[in-house]
Every structure is written in structure tokens, then in C-alpha cells.
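Report on the structure given below.
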2 protein chains.
Amino acid sequence: MSISKPYLLFLGDVKDELAAKTAHGVLDWRPDWCLGQITLPGCQAHTSLPEMTVSEASEAGVRTMVIGCVNAGGVLPDHWIATIVAALNAGLDIAAGLHIQLGSIPAIAQAAEKNGGTLHDLRFTDVSFPTGKGENRSGKRLLTVGTDCSVGKKYAALALQQGMADRGLSSDFCATGQTGILIAERGIAIDSVISDFISGAAEHISPATKDDHWDVIEGQGSLLHPSYAGVSLGLLHGSQPDAFVVCHEPTRATMRGVATPIPTIQEIIDLTIRFGRLTNPDICCVGLAINTMMLSQNHAKNLIAELSEEHRLPATDPVRFGTDPIIDHMCAEFKLV
Amino acid sequence: MSISKPYLLFLGDVKDELAAKTAHGVLDWRPDWCLGQITLPGCQAHTSLPEMTVSEASEAGVRTMVIGCVNAGGVLPDHWIATIVAALNAGLDIAAGLHIQLGSIPAIAQAAEKNGGTLHDLRFTDVSFPTGKGENRSGKRLLTVGTDCSVGKKYAALALQQGMADRGLSSDFCATGQTGILIAERGIAIDSVISDFISGAAEHISPATKDDHWDVIEGQGSLLHPSYAGVSLGLLHGSQPDAFVVCHEPTRATMRGVATPIPTIQEIIDLTIRFGRLTNPDICCVGLAINTMMLSQNHAKNLIAELSEEHRLPATDPVRFGTDPIIDHMCAEFKLV
């Protein structure tokens with residue numbers, strides 16, 4: 001996958017920052033690739049980048065407009081189309097992680113055709129997957145799992161992989177969602193796979209590899225989210241992780257988009273082990289990644305210490321305080337470096 | 001959905017009877033619709049119907065050839081295509097539940113075009129689903145769940161719905177797989193839905209209805225099958241069943257297509273309740289449907305009595321011994337009729 005850089009990040013008119021998590025993810029992990037943002041009236045999300053029109057972006061050297069926001073279901077609202085067409089008319093390519101292909105919308109297809117623009121559909125793949133085999137394969141795998149959607153599973157996986165690489169451990173980040181794919185420039189959007197093949201696609205994402213290599217796999221959803229648990233479970237079975245990290249956002253009362261209460265960390269640990277054992281009998285939890293973005297520094301440190309003590313596991317906010325506690329524990333547990 | 005009858009059942013060259021479960025399902029539940037079978041050399045499955053060529057079938061009045069067999073993944077083997085083309089050339093329509101559309105194969109598309117034949121793709125739907133909402137909806141629901149794939153979840157659901165209707169209870173059978181769809185002539189193949197929408201599709205299958213109406217929903221896979229558990233979990237969450245029946249085939253050691261041991265009935269009860277509570281706090285197990293096809297009459301009766309005693313639940317083989325024990329229990333539990 002090769003998307004022309006730099007990027008203009010489209011934020012639409014989404015109602016909160018979480019809905020623009022693709023834009024934030026790309027900007028946080030690949031800041032050198034991002035030049036500006038573009039919003040529609042009423043947008044409640046914003047980045048640190050300057051606001052630009054598509055013409056200003058084109059003049060500033062932008063090559064691709066990235067749709068950096070989503071609504072539940074990955075649908076493209078009609079009132080976003082004009083901006084996409086304008087971007088194509090200004091000579092930009094478009095990258096999006098929608099559940100429909102950009103080219104299926106006639107106005108967009110025509111504008112791309114007319115201007116020679118490329119449409120990147122991040123959620124689509126040409127690979128056709130088999131059903132999951134459930135057989136043990138070589139190499140090591142770490143999966144990030146969550147008490148909810150949008151709690152930091154991707155950030156934790158990226159930070160952990162970087163931390164492992166910094167210590168000279170052979171490792172890869174395996175993207176399973178549109179933002180991860182934009183950051184890694186490869187991967188499979190697991191929630192876009194036909195459901196019969198979820199675990200087969202997960203097996204494809206982290207294939208057999210060297211015994212001492214770690215695939216660090218971006219988790220999706222939560223085993224206890226009523227909308228997305230099927231994806232989470234298929235990803236768990238196909239990933240057959242040796243190790244997992246539970247990601248948690250401590251200030252939420254209910255799960256993203258529904259009225260269901262947030263489960264406890266312990267429930268997620270128990271269920272992940274119970275189901276994970278089906279394809280990897282040695283699965284174990286190696287730490288907690290606590291997303292403390294909404295907390296003060298002191299509050300965050302105290303909470304992390306409490307949760308670590310309560311669960312007898314290393315805990316950290318991987319973005320705020322680094323990944324050392326978890327990687328130290330993994331090195332001891334798996335006799336690494 | 002309207003498929004012209006009667007049918008010729010295509011069994012291909014599959015290696016066992018379970019792989020021809022679509023043919024058996026249609027024949028068992030809709031015998032009046034089926035005139036003959038057609039097999040390829042080496043086929044290990046068979047029905048009680050006479051073997052016919054496509055020309056003989058056409059002369060006998062057959063209107064549609066139903067692909068009555070599957071291989072894992074729902075792929076169409078190349079060597080089945082000639083028979084499908086011959087059937088179209090003989091004036092028949094084709095119905096199939098593959099993961100690809102029949103018309104995507106040029107030889108089949110051309111033959112359909114030339115002969116004016118209709119191609120029915122049972123696993124495809126024009127409906128686009130939202131993500132699951134997880135909200136409580138009116139009406140009652142029963143879901144059949146299993147310790148494995150292909151253990152009798154569809155037969156149990158069909159028999160239970162028939163038994164409920166016989167007692168004057170308002171009820172519908174809700175098909176979630178290709179065979180169920182052929183039998184009911186409506187439904188959604190849940191394993192063909194994009195995985196982000198599994199639970200949303202399940203909500204669509206059994207929508208809000210009258211308080212005293214029961215939707216009896218055909219289950220899929222097993223929560224502990226490493227290839228298909230994601231589908232089973234999404235279906236459970238979206239179905240938000242009030243009641244479930246565990247289906248079990250007691251002679252199997254490992255799960256269908258994999259080396260994983262068959263879980264216990266109790267494990268499936270526990271996990272179904274744990275996850276089912278997320279969208280229906282009152283979920284309860286109302287019985288066991290034991291598929292005793294491989295056992296003698298005496299052995300079957302003894303085993304059913306043992307399992308009923310062990311789990312303190314009504315147990316029966318719904319096909320062999322009827323559904324009264326389970327429906328009696330439901331009537332008491334839910335104060336019906």
C-alpha cells in the first residue's frame with residue numbers, strides 16, 4: 001500500500017474527539033505525514049494542525065485527503081461528498097476506511113476519473129481468506145484487548161512494539177483497523193471481513209514466523225461490547241496470543257455507543273483467558289494499559305499503582321508513562337533478552 | 001424470496017453426509033419440494049431420492065437445482081461448474097448458498113443469460129445493516145446454541161417452533177443459514193454479514209414484536225469453536241434471547257473441521273448465560289436437544305435421561321422423540337397457554 005504524502009486530515013462534523021480517532025492516530029504516530037486539517041460547520045473535533053481549504057492544502061503540497069473521522073457503521077454521510085469531490089478537483093487523492101468503496105458513489109467516481117485521483121479504500125482487501133484453522137503456529141504473539149471500544153488498544157500495541165524494538169526484540173505491529181493500516185501502511189480491517197472468516201483473517205494477519213519474533217496485534221472492540229464482541233472473539237481465536245494486555249479507560253461508565261456498563265478489568269482477563277486457551281493453552285495476561293488522558297498526572301499515577309496492586313500485574317499508561325513495566329515483565333516471563 | 005419448485009438436490013462429491021446437510025435439511029423439512037438428487041463420482045453423501053441427470057430432472061418437472069452441499073468456506077470447486085451449466089442449459093434455475101455469487105463465474109453467468117435461468121444466491125442480501133444497538137425490544141426469543149457446528153441447531157429450532165405452533169403459541173422460525181433460508185424461504189445468512197454488523201443483522205432478523213410472540217432463532221456454530229465463535233457470539237448478542245436450548249451430538253470427540261475437543265454442555269450453558277446477560281439479563285436455559293442419530297433407541301433414551309438429570313433440565317431428541325419436554329417446561333417457566 002502506498003499513499004502519497006503529505007496528508008490533509010478531514011474531520012467532517014463529528015460530535016466528539018473519539019469520532020475523529022483516525023485523524024488523531026495518524027497525527028500522533030506519523031506527524032511528519034500531516035500538514036493540515038479540514039472541518040465542516042459544527043465539528044466538535046480538532047487537531048493541532050492548521051485549518052485549510054482543499055485549495056490551500058493543494059498549494060501547500062498536500063497530496064492526499066484522509067477521511068479522519070467515522071460514524072458508527074462506517075457510513076459516508078451525503079453532506080461529506082462535496083468536500084471529497086472538491087479535494088479531487090484540487091488534485092488530491094482520497095484515503096478512507098469506510099464500509100463502502102469511495103468509487104461506489106457516482107459523484108466521487110466521476111471526480112476521481114476526471115482528475116486522475118486515486119481512491120484508497122482502507123477497509124477493503126483483495127485477499128480472500130479461508131475459515132480459521134485453529135492450529136498452533138510458530139512465533140510469538142501479543143494482542144491488546146479492551147474493556148470497551150476506543151480505549152487505547154492501538155496506541156498500546158504501537159507503543160509496546162516500539163518499546164520491544166528499542167530493546168532489540170524482533171517484532172512487528174499488526175494493524176487490524178483503518179487507522180492502524182494508515183499508520184503501518186499495511187494490515188487488514190478485521191471488522192470488514194465476512195463474519196465466517198474473522199478468525200481465518202486473523203490467522204492471516206499474524207502468520208507463522210520465527211520462534212523469537214513477536215507480532216504485536218492491534219485489538220478491536222471488547223468481548224463484552226454488545227455491538228462488536230463477535231469481531232473481538234474471532235480476532236482472539238485467530239491471533240492465538242501468547243500474551244495479552246488489557247486496555248482500559250477508567251472514567252467511562254457505559255460502553256461506547258450503547259447503555260451497557262463498562263465491564264471490570266478482571267472480567268476481561270478471565271474471559272480472554274477462557275476463550276484464548278482454545279487456540280493457545282499458554283495464553284497469559286502480561287499487563288494493563290490504562291488510558292489516563294482524562295486524569296491529572298497525580299491521579300493517573302495513583303490509579304495505575306492501585307490497579308497494578310489489585311491485579312498483581314504491571315500497569316502503565318503506555319503513551320504517558322511508557323511501556324517499561326509491561327516489557328520488563330514480559331522479558332522475565334518469556335525469558336527475552 | 002420465491003424459488004421455483006420442485007427441486008433437484010446437487011450433492012457434488014462431498015466426503016460425508018454432514019457436508020450435504022443443506023440437501024438433507026430441505027428434504028427432511030420440505031419433502032414435497034424435492035424430486036431427485038444428482039451426485040458426482042466419489043460422492044459419499046446420498047439421500048432417499050432417485051439419482052437423476054439434469055435432463056431427466058427437467059423432463060420430470062424439476063424447476064430448480066439446489067446446491068445441497070458445502071465445503072468449509074463456502075467455495076465453489078471448479079469441477080462442479082459443468083453440472084451447474086448443464087442444469088441451466090436444461091432449463092433449470094440454480095439456488096446456492098455460497099460465499100461467492102453464482103453470477104460471478106463467467107460460464108455460469110453466460111449459461112443463465114443464454115437460457116433465461118434465475119440464479120438464487122441465498123447467502124447474499126440487499127439489506128444493509130446498522131451496527132447492533134443492544135437495546136431491549138418487545139416480544140420473546142428462543143435461540144438454539146451448540147457444543148459444535150452441525151449438531152442439530154436448525155432441526156431443534158424448526159421442531160420447537162412447530163411444537164409451539166401446535167399448541168397455539170404465536171411463533172416464527174427465524175433462519176440464519178442457507179438451509180434454514182431454503183426451508184423458510186426467508187432469513188439472513190448471518191455468517192455472510194460483514195463482521196462489524198453481525199449483532200446488528202441479528203437484531204434485524206428478530207425485530208420488536210408482540211409481547212406474547214416467540215421468534216425461534218436458528219443458532220450458528222458454537223461459542224467455543226475456534227473458526228466460528230465470533231459469529232455465534234454476535235448472533236447471541238443481537239438475538240437477546242429470553243430462552244435458549246443447548247444442542248449436542250454426544251458421539252463426537254473433536255469439533256467439526258478442527259482438532260479442538262468438544263466442550264461440555266455445562267460450559268456452553270455458562271458462557272451463553274454470561275454473554276447473553278449483556279443484552280437480556282433474564283436469559284435462561286430451557287432444555288437440551290440431544291442429536292441421537294448415531295445411537296440405538298435404548299442408548300438414546302438412557303443418555304437423554306442421564307443428561308436431563310445431570311443438568312436438571314428437560315432433554316430430548318427433538319427429531320426422534322419430539323419437543324414436549326422442553327415446551328412443557330417453557331410453558332411453566334414463562335406462564336404460556
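Residue numbering restarts at 1 in every chain; chains get A, B, ... in the order shown in the C-alpha cells, and ligands count up from 1 in that same order.
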Practice task
Pull out every residue of chain A sitting within 10 Å of chain B, counting only C-alpha atoms, and send them as an NGL selection string.
Solution key: :A and (72-75 or 99 or 129-135 or 190-200 or 221 or 223-238 or 240 or 257-261 or 271 or 274-276 or 278-279)
Exercise for the section: Can you pull out every residue within 10 Å of stretch 318-329 of chain A, counting only C-alpha atoms, but drop anything in the same chain fewer than 4 positions away, and send it as a ChimeraX atom specification? Expected result: /A:152,155-164,167,245,247,286-293,297,300-301,313-314,333-336
Exercise for the section: From a DSSP calculation on the backbone, collect every residue of stretch 33-278 of chain B in alpha helix (DSSP H) and output the set as a PyMOL selection string. Expected result: chain B and resi 54-59+81-89+106-115+153-166+178-184+198-205+229-239+265-276
Near B:Val54, within 8 Å and counting only C-alpha atoms, which residues show up once chain neighbours fewer than 5 positions away are dropped, as an mmCIF file with C-alpha atoms, in the first residue's frame?
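Saved result, selection.cif, follows:
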data_model
loop_
_atom_site.group_PDB
_atom_site.id
_atom_site.type_symbol
_atom_site.label_atom_id
_atom_site.label_comp_id
_atom_site.auth_asym_id
_atom_site.auth_seq_id
_atom_site.Cartn_x
_atom_site.Cartn_y
_atom_site.Cartn_z
ATOM 1 C CA ILE B 38 -27.576 -35.644 -8.573
ATOM 2 C CA THR B 83 -23.042 -29.628 -13.842
ATOM 3 C CA ALA B 86 -25.673 -28.262 -17.790
ATOM 4 C CA ALA B 87 -28.613 -27.673 -15.421
ATOM 5 C CA ALA B 90 -31.583 -27.989 -19.402
#
Practice task
Tell me which of B:Gly168, B:Pro106, B:Gly139, B:Gly25 sits closest to B:Lys153, counting only C-alpha atoms.
Solution key: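 Of B:Gly168, B:Pro106, B:Gly139, B:Gly25, the one nearest B:Lys153, counting only C-alpha atoms, is B:Gly25.
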Practice task
Calculate how many Å separate atom CA of A:Arg30 from atom CA of A:Ile181, rounding to one decimal.
Solution key: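 Separating atom CA of A:Arg30 from atom CA of A:Ile181 is a distance of 11.9 Å.
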Exercise for the section: Find the spatial neighbours of A:Thr147, counting only C-alpha atoms, within a cut-off of 7 Å - ignore same-chain residues fewer than 4 positions away - and output them as a ChimeraX atom specification. Expected result: /A:222,247-248,262-263,265,268
With N, CA and C atoms retained, export the selected residues as an mmCIF file, in the first residue's frame.
data_model
loop_
_atom_site.group_PDB
_atom_site.id
_atom_site.type_symbol
_atom_site.label_atom_id
_atom_site.label_comp_id
_atom_site.auth_asym_id
_atom_site.auth_seq_id
_atom_site.Cartn_x
_atom_site.Cartn_y
_atom_site.Cartn_z
ATOM 1 N N SER A 222 -14.454 -5.121 22.210
ATOM 2 C CA SER A 222 -14.354 -5.736 23.531
ATOM 3 C C SER A 222 -15.208 -6.992 23.533
ATOM 4 N N CYS A 247 -6.554 -3.142 27.944
ATOM 5 C CA CYS A 247 -6.593 -1.682 27.835
ATOM 6 C C CYS A 247 -7.908 -1.176 28.437
ATOM 7 N N HIS A 248 -7.811 -0.072 29.189
ATOM 8 C CA HIS A 248 -8.966 0.377 29.967
ATOM 9 C C HIS A 248 -8.949 1.897 30.084
ATOM 10 N N ILE A 262 -19.571 -0.475 31.598
ATOM 11 C CA ILE A 262 -18.202 -0.944 31.321
ATOM 12 C C ILE A 262 -17.916 -2.168 32.207
ATOM 13 N N PRO A 263 -17.388 -3.238 31.629
ATOM 14 C CA PRO A 263 -17.054 -4.397 32.464
ATOM 15 C C PRO A 263 -15.807 -4.112 33.307
ATOM 16 N N ILE A 265 -11.949 -4.906 34.619
ATOM 17 C CA ILE A 265 -10.718 -5.443 34.023
ATOM 18 C C ILE A 265 -10.635 -6.946 34.279
ATOM 19 N N ILE A 268 -12.597 -9.068 31.875
ATOM 20 C CA ILE A 268 -11.954 -9.186 30.562
ATOM 21 C C ILE A 268 -10.752 -10.136 30.629
#
Practice task
Identify all residues of stretch 40-194 of chain A in strand (DSSP E or B) (DSSP on the backbone) and supply them as a PyMOL selection string.
Solution key: chain A and resi 51+64-67+93-96+119-121+140-146+171-174+194
Applying 8 Å and only C-alpha atoms, which residues near B:Leu142 remain after dropping the ones on its own chain fewer than 3 positions away? List them as a CSV table (one decimal) with C-alpha atoms, in the first residue's frame.
chain,number,residue,atom,x,y,z
B,214,TRP,CA,-41.9,-16.1,20.1
B,215,ASP,CA,-39.2,-15.9,17.5
B,216,VAL,CA,-37.4,-19.2,17.4
B,217,ILE,CA,-33.9,-18.4,16.1
B,241,PRO,CA,-32.8,-14.5,23.7
B,242,ASP,CA,-35.1,-14.9,26.7
B,243,ALA,CA,-34.6,-18.7,26.4
B,244,PHE,CA,-32.0,-20.9,24.8
B,245,VAL,CA,-31.7,-24.6,24.1
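Remark: for B:Ala189, the closest of the candidate residues B:Gly97, B:Gly91, B:Gly103, B:Gly42 is B:Gly97 (distances computed over only C-alpha atoms).
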Problem - One-decimal distance in Å that lies between atom CA of B:Leu92 and atom CA of B:Lys5 - result: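 Separating atom CA of B:Lys5 from atom CA of B:Leu92 is a distance of 10.1 Å.
For the pair atom CA of A:Lys140 and atom CA of A:Ala201, the separation is 17.4 Å.
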Exercise for the section: Using only C-alpha atoms, find the one residue out of B:Ile84, B:Cys34, B:Leu295, B:Cys69 that sits nearest to B:Ala20. Expected result: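 Checking each of B:Ile84, B:Cys34, B:Leu295, B:Cys69 against B:Ala20, counting only C-alpha atoms, the winner is B:Cys69.
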Exercise for the section: Write out as a list in words which residues come within 9 Å of B:Met65 when counting only C-alpha atoms, dropping same-chain ones fewer than 6 positions away. Expected result: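 Contacts, with the query itself left out: Pro6, Tyr7, Leu8, Leu9, Phe10, Val54, Ala57, Ile84, Ala87, Leu88, Leu92, Asp93, Ile94, Ala95 and Ala96 of chain B.
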